[in-house]
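Asks: The structure is given below, and queries will be raised subsequently.
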Amino acid sequence: MRDRSATIKRNEKAGPLVTVLIPTYNRRRFLPVALASVVRQDYDNLEIFVIRDGGEQVSDIVSSFNDSRIVFIDRAENRGVAFTLNEALVRAQGKYICYLGDDDLYYPHHVSTLLDALENGGDYEVAYSDLYKTYCRIGPDGNREVLSKVVEISRDFDRFFMLYFNHALHVSLMHRADLIEKIGLYNEQLNVMIDWDLTRRLVFFSDFHHIHEITGEFYSPIGDSDRISVQRRKDQSEYRRNILTIRTTRPAKPWSKIDDMSIIFVVDKLNKQAGQTIGLIWSNTFYPYRLYLPLSPTELSRLNIDMPNVVFVPVNPLSSKDQQIDAALAKCDGKYVAIVPSGLPIEEMWVEHPLYALINSAPMTSCESKNGGAAFELRGSTEQLWAIVVRKDQLANARKSFPNLSVQQSLQAAGIQFKKPTDDQLPFQFDLLLQQAQLAEKNGNWAQAAQMFEYIAEHYHNGLWMKTLAAKAFYKVGDHTKAAKLSSEINQQRPTVDTLLLEAKVNRERKNFKTAIALLRRAEQILSRQSDYLVSTEVNNYSR
Amino acid sequence: MDKEKEDGVEEGSYTQHYEVLQELGDCYSSIGDYDQAQRYYEKAASLGPDEPGPYVGLGVVALQKNLLDDAEIAFRVAFRLDPNCAKAYAGLAMVFQQQQNYQQAFELYMKCLELDSDNITALLGLFQTSCQMGSFEKIIYYLETYLDMHPGDTAVSFSLAALYMKDGRLEQSQKILLDILALNPANQGAADLLEEVEHNLAQAKQAGANIQ
C-alpha cells in the first residue's frame with residue numbers, strides 16, 4: 001500500500017481524507033444515484049473509487065459527474081467483488097475507508113457522522129451506523145417504486161456474536177485504512193459473505209462504535225433477488241464451505257482485542273472416532289483457535305488432513321495422556337486452553353459456552369491467580385471423557401507445581417474449581433430472548449412479545465431497536481396508549497418511518513389530525529428520499 | 001456487496017408506504033381538505049392497486065364534492081377489489097341516497113351492517129333512509145345491537161330514541177333521552193325531543209284516563 005502520510009498532511013486543514021469504494025457490475029441504471037449520494041456528502045475531503053468489474057460500460061456516467069475526486073478503474077473482465085475491492089484498496093490513500101454498493105445510497109451526513117465518531121469518539125478504529133432496508137419493486141419504466149423503509153437491524157456491537165455471524169452491514173461501516181495492513185485484503189477465494197469475513201477480522205483489533213443514526217439505504221427488490229451473493233447462497237455446500245473458511249481465518253498476531261484459544265486433542269491412536277471428533281471441532285468452532293495434536297511420529301505420518309490451524313506435536317509413542325498434554329501445553333500460545341478427548345460429543349457452541357463463562361468470570365486477585373481460580377467443564381465431560389477449558393497460565397502453574405499428578409488432579413491440587421456454566425453465564429442471551437419474542441410475535445401472541453421486547457430494551461441494550469419492536473407489538477395488542485408513548489420517545493431521538501406511522505395512527509384515532517398529518521408527512525418525506533437524488537440533471541440522464 | 005441477514009420479510013414490509021399515503025388521505029379528508037385527500041388517495045391507489053381503501057377514500061371525496069358519478073365509479077372499483085368491503089357498500093348506499101334512490105340505499109346499508117355491525121355511517125344512513133321511506137322496523141334492531149357494543153354513542157342513541165317515539169314506545173324513548181341529557185345537559189336536540197316525547201306521554205295518559 002502506498003504511503004498515505006503526504007496526502008493526509010496535504011488535506012490536514014480540511015480534515016482527514018476518506019476513501020469511498022464503489023464496485024459496480026451491470027447496474028448502470030442505479031449507479032448514478034449511488035454516486036450522486038457520495039458526491040453530495042456534506043464532507044468534501046473524499047477520494048471516490050468507482051471500479052467497473054466488467055459488465056455494462058459506465059465511463060459516461062462517471063465522467064458526467066465531472067468531479068476530480070472520482071478515481072475510475074475501468075476493467076472489462078468480471079473478476080468478482082473481492083478482487084474489485086482489493087484493486088481499489090491497494091491504491092486507496094484515505095485515512096479511513098468506507099464502502100457503497102452500486103445500487104445503494106448514503107444520506108448526505110453519512111461520511112461526516114462516522115468520521116466524527118472515529119476522530120472524536122474515543123478509542124475506536126471502526127464505526128458503523130444504521131441503514132434503512134428499502135423494499136422496492138421495479139415499475140414498468142424500470143424505476144424502483146419504494147414500498148417501505150425499515151431499520152431491520154440496529155444491533156449494538158457484540159464481538160462474540162461477530163465471530164459467530166455478522167451483525168453490521170458493510171455499507172454502514174467505516175474503518176481506519178491502516179487496519180487493512182493488520183487484517184489483510186478481501187479473501188478472493190470466498191464467493192459469499194466477503195464483507196463478514198473482513199469485518200470479522202476487524203474485531204480482532206478494534207471495538208466498533210455503533211452510531212444510532214440512519215445514514216443511508218440499501219435495496220431489496222421484492223421477488224427473486226438479482227444479487228449474486230443471494231443467488232450463490234442457495235448452494236448449501238458452497239455456503240458451508242465459505243462459513244468454515246471465514247470462521248477459521250486468523251489474522252496475523254498480535255491481536256489487541258481477542259485472546260487466542262488452544263485446543264489440545266487427546267487421543268492414543270488415530271482411528272475413525274478420532275477423525276470424526278476432529279471434523280466436528282472444525283465444523284462447530286467459531287471462536288479463534290489452533291488445534292494441537294500431540295501424537296507419535298508414526299501416527300502423525302498417517303495423518304492426512306486439510307483442516308487449517310492444526311499444530312502437530314510429536315511425542316514419544318509410550319507417553320501417557322498427561323505427558324501428551326504437557327508436550328502440547330509447552331507449545332500452546334493461547335490465553336485459554338481446552339482439553340478435549342477423542343469421542344467427546346461436539347455440537348454447536350460446545351466450547352464457546354464454557355469459554356464465554358470463563359472469559360467473563362470475575363477477575364482474580366493476584367493471590368487467587370496463583371492459588372486458585374475456575375475452570376469450566378465442557379458439555380458431555382465425564383470421568384472417562386474429561387474435557388475442560390481453563391486459563392493457560394493456571395494450567396501451566398498447576399503442572400509446574402504438581403508434575404507427578406494427573407492433569408485433573410494437579411488443577412484440583414492448585415485450587416482450581418471445576419464448574420459448569422450457569423444459564424446466566426452463557427453468550428447470546430440477547431439473541432435468545434429476541435428469538436423468543438419474535439416467535440411470540442409470529443404466533444400472534446402480541447402481548448407476550450411486547451412485554452419481552454420492553455424487558456430486553458431495559459436489560460440488554462439495543463434500546464431503540466427493541467422499543468420500536470415493542471411499540472409495534474403494543475399497537476397490535478390494542479394498547480395504543482403505550483404504543484404512542486414508545487413511538488413518540490423513539491421519534492424524539494431517531495424517527496423512523498415505522499414509528500412515525502405508528503404515532504400518526506394513534507393521533508388520527510384520537511382525532512388529532514394536524515399532529516397526525518405532520519408525522520405522516522415526515523414519514524412520506526423519508527420514503528421519497530431517493531427521488532431527491534433522481535431530480536438532479538446528471539442522474540436524470542441515466543435513470544430513464 | 002453482500003447484505004447479511006436475508007431473513008424472512010417482516011410483516012408490513014411491502015405495505016408501509018401505501019399505509020402512510022392512505023393515512024394521509026384519511027387525515028386530510030377528516031379535516032375537510034379534499035383536494036389533498038384526493039392527491040394522497042390517488043398515490044396510495046397506485047402503490048396498492050389491489051387495496052380497496054384508496055377507492056373508498058376517493059369515493060368519499062367525490063361525494064363531498066357532489067360528484068356522484070365519480071363517487072359511484074370509485075365505490076364500485078373498491079367493491080370489485082373486495083366484495084366484502086363494508087365501506088364500499090356504505091359509500092355506494094350514500095350515492096343512492098343522494099340520488100333519492102332510498103330503497104337501494106337502504107338495502108346496501110343493510111348489507112354493510114351485515115358485514116360490519118359497527119359501521120356508524122351505515123347505521124345513521126339506515127336511520128335517515130328509514131325516515132325518508134317512513135319504515136322503521138328493521139333499523140331498530142341494528143341500532144339496539146350497535147348500542148349494546150357502544151353504549152356511550154349519543155348520536156345513535158338519539159336516533160333510536162326518535163325511532164322509539166315514532167313507533168309509539170314512548171317510555172323507552174324517554175329513558176334514552178334522559179340518559180343523553182344526564183351526560184350532556186346542553187344537548188338541545190335531545191331536550192327538544194324529550195319535550196315532545198313527554199308531551200305525547202302525557203297525552204297518552206290523558207287518553208287512557210279518559211277511557212277509564
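Identifiers in the C-alpha cells: chain A, B, ... in order shown; residue index from 1 per chain; ligand index from 1 in order shown.
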Please determine the contact residues of chain A with respect to chain B at a cut-off of 8 Å, counting only C-alpha atoms, and supply them as a PDB file with C-alpha atoms, in the first residue's frame.

Replies:
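out-v8.pdb, written as the output of this step:
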```
ATOM      1  CA  VAL A  81     -16.323  -8.183  -5.719  1.00  0.00           C
ATOM      2  CA  LEU A 100     -21.071   1.604  -1.005  1.00  0.00           C
ATOM      3  CA  GLY A 101     -22.963  -0.859  -3.214  1.00  0.00           C
ATOM      4  CA  TYR A 135     -38.116  -2.786  -0.146  1.00  0.00           C
ATOM      5  CA  CYS A 136     -38.989  -1.852  -3.673  1.00  0.00           C
ATOM      6  CA  VAL A 146     -40.360   2.246  -2.796  1.00  0.00           C
ATOM      7  CA  LEU A 147     -42.743   0.059  -0.793  1.00  0.00           C
ATOM      8  CA  SER A 148     -41.180   0.540   2.619  1.00  0.00           C
ATOM      9  CA  LYS A 149     -38.075   1.590   4.507  1.00  0.00           C
ATOM     10  CA  VAL A 150     -37.348  -0.417   7.602  1.00  0.00           C
ATOM     11  CA  ASN A 166     -22.296 -10.710  11.030  1.00  0.00           C
ATOM     12  CA  HIS A 167     -24.458  -8.030  12.590  1.00  0.00           C
ATOM     13  CA  LEU A 169     -23.898  -4.007   7.421  1.00  0.00           C
ATOM     14  CA  HIS A 170     -20.839  -3.414   5.311  1.00  0.00           C
ATOM     15  CA  VAL A 192     -20.260 -15.115  -0.494  1.00  0.00           C
ATOM     16  CA  MET A 193     -20.050 -13.101   2.717  1.00  0.00           C
ATOM     17  CA  ILE A 194     -16.774 -11.466   1.805  1.00  0.00           C
ATOM     18  CA  ASP A 195     -17.886  -8.497   3.879  1.00  0.00           C
ATOM     19  CA  SER A 229     -24.495 -13.174  -3.279  1.00  0.00           C
ATOM     20  CA  VAL A 230     -28.118 -14.177  -2.610  1.00  0.00           C
ATOM     21  CA  ASP A 498     -42.394   2.759  11.201  1.00  0.00           C
ATOM     22  CA  LEU A 501     -46.587   5.921  11.110  1.00  0.00           C
ATOM     23  CA  LYS A 505     -52.185   6.295  13.533  1.00  0.00           C
ATOM     24  CA  ARG A 508     -55.639  10.061  13.954  1.00  0.00           C
ATOM     25  CA  PHE A 513     -55.473  15.205  12.684  1.00  0.00           C
ATOM     26  CA  LYS A 514     -52.965  18.023  12.396  1.00  0.00           C
ATOM     27  CA  ALA A 516     -51.027  13.014  12.564  1.00  0.00           C
ATOM     28  CA  ILE A 517     -50.535  14.837   9.267  1.00  0.00           C
ATOM     29  CA  LEU A 520     -47.124  11.290   8.227  1.00  0.00           C
ATOM     30  CA  ARG A 521     -45.616  13.972   6.035  1.00  0.00           C
ATOM     31  CA  ALA A 523     -42.609   9.686   7.037  1.00  0.00           C
ATOM     32  CA  GLU A 524     -43.554  10.404   3.426  1.00  0.00           C
ATOM     33  CA  LEU A 527     -39.952   7.351   1.853  1.00  0.00           C
TER      34      LEU A 527
END
```

Asks: Among stretch 410-441 of chain A, which ones does DSSP place in alpha helix (DSSP H), written as a ChimeraX atom specification?

Replies: /A:410-413,429-441

Asks: Residues within 10 Å of A:Gln412, please, as an MDAnalysis selection string. Count only C-alpha atoms; anything in the same chain fewer than 3 positions from it doesn't count.

Replies: chainID A and resid 372 374:375 398 402 405:409 415:418

Asks: How would the residues just chosen look if you wrote them out with N, CA and C atoms as a tab-separated table (two decimals), in the first residue's frame?

Replies:
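Here's the written file part_5.tsv:
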```tsv
chain	number	residue	atom	x	y	z
A	372	GLY	N	-5.56	-20.38	42.91
A	372	GLY	CA	-6.95	-20.82	42.72
A	372	GLY	C	-7.49	-20.32	41.42
A	374	ALA	N	-10.96	-20.69	38.46
A	374	ALA	CA	-12.02	-21.58	37.98
A	374	ALA	C	-11.69	-22.10	36.60
A	375	ALA	N	-12.12	-23.32	36.38
A	375	ALA	CA	-12.08	-23.88	35.03
A	375	ALA	C	-13.50	-24.35	34.73
A	398	ALA	N	-0.25	-25.16	37.56
A	398	ALA	CA	-0.65	-26.42	38.21
A	398	ALA	C	0.29	-27.56	37.81
A	402	PHE	N	2.62	-29.45	40.45
A	402	PHE	CA	2.29	-30.85	40.76
A	402	PHE	C	2.51	-31.74	39.53
A	405	LEU	N	1.19	-35.49	39.42
A	405	LEU	CA	-0.24	-35.81	39.45
A	405	LEU	C	-0.80	-35.78	38.03
A	406	SER	N	-1.98	-36.35	37.89
A	406	SER	CA	-2.64	-36.24	36.58
A	406	SER	C	-3.02	-34.78	36.37
A	407	VAL	N	-3.35	-34.43	35.14
A	407	VAL	CA	-3.71	-33.03	34.85
A	407	VAL	C	-4.89	-32.61	35.70
A	408	GLN	N	-5.90	-33.48	35.76
A	408	GLN	CA	-7.11	-33.18	36.53
A	408	GLN	C	-6.76	-32.96	38.00
A	409	GLN	N	-5.95	-33.89	38.55
A	409	GLN	CA	-5.58	-33.81	39.98
A	409	GLN	C	-4.72	-32.58	40.25
A	415	GLY	N	-5.98	-25.68	43.50
A	415	GLY	CA	-7.12	-24.88	43.98
A	415	GLY	C	-8.05	-24.42	42.88
A	416	ILE	N	-7.92	-25.01	41.70
A	416	ILE	CA	-8.83	-24.62	40.60
A	416	ILE	C	-10.15	-25.36	40.77
A	417	GLN	N	-11.23	-24.61	40.78
A	417	GLN	CA	-12.56	-25.23	40.91
A	417	GLN	C	-13.11	-25.57	39.53
A	418	PHE	N	-13.66	-26.76	39.43
A	418	PHE	CA	-14.28	-27.15	38.16
A	418	PHE	C	-15.76	-26.77	38.21
```

Asks: In Å to one decimal, how far is atom CA of A:Ile264 from atom CA of A:Ile325?

Replies: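 Straight-line distance from atom CA of A:Ile325 to atom CA of A:Ile264 works out to 6.8 Å.
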
Asks: Skip stretch 335-352 of chain A itself and residues of its chain fewer than 2 positions away, then list as a PyMOL selection string all residues within 9 Å of it, counting only C-alpha atoms.

Replies: chain A and resi 259-268+273-278+280-281+283-287+325+329+332-333+354-359+378-381+384-393+395+426-427

Asks: Work out how far atom CA of B:Tyr41 is from atom CA of A:Asp141, in Å to one decimal.

Replies: 21.9 Å

Asks: Applying 7 Å and only C-alpha atoms, which residues near stretch 30-46 of chain A remain after dropping the ones on its own chain fewer than 5 positions away? List them as a VMD selection string.

Replies: chain A and resid 14 to 19 61 69 102 to 109 111 to 112 533 to 534 539 542

Asks: Which residue gives the smallest distance to A:Asp326 among A:Leu439, A:Tyr128, A:Gly122, A:Pro294, with only C-alpha atoms counted?

Replies: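 Of A:Leu439, A:Tyr128, A:Gly122, A:Pro294, the one nearest A:Asp326 is A:Pro294, counting only C-alpha atoms.
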
Asks: With a distance cut-off of 7 Å and only C-alpha atoms, select the neighbouring residues of A:Pro314, excluding the residue or stretch itself and same-chain residues fewer than 2 positions from it, and output the selection as a count of residues only.

Replies: 5
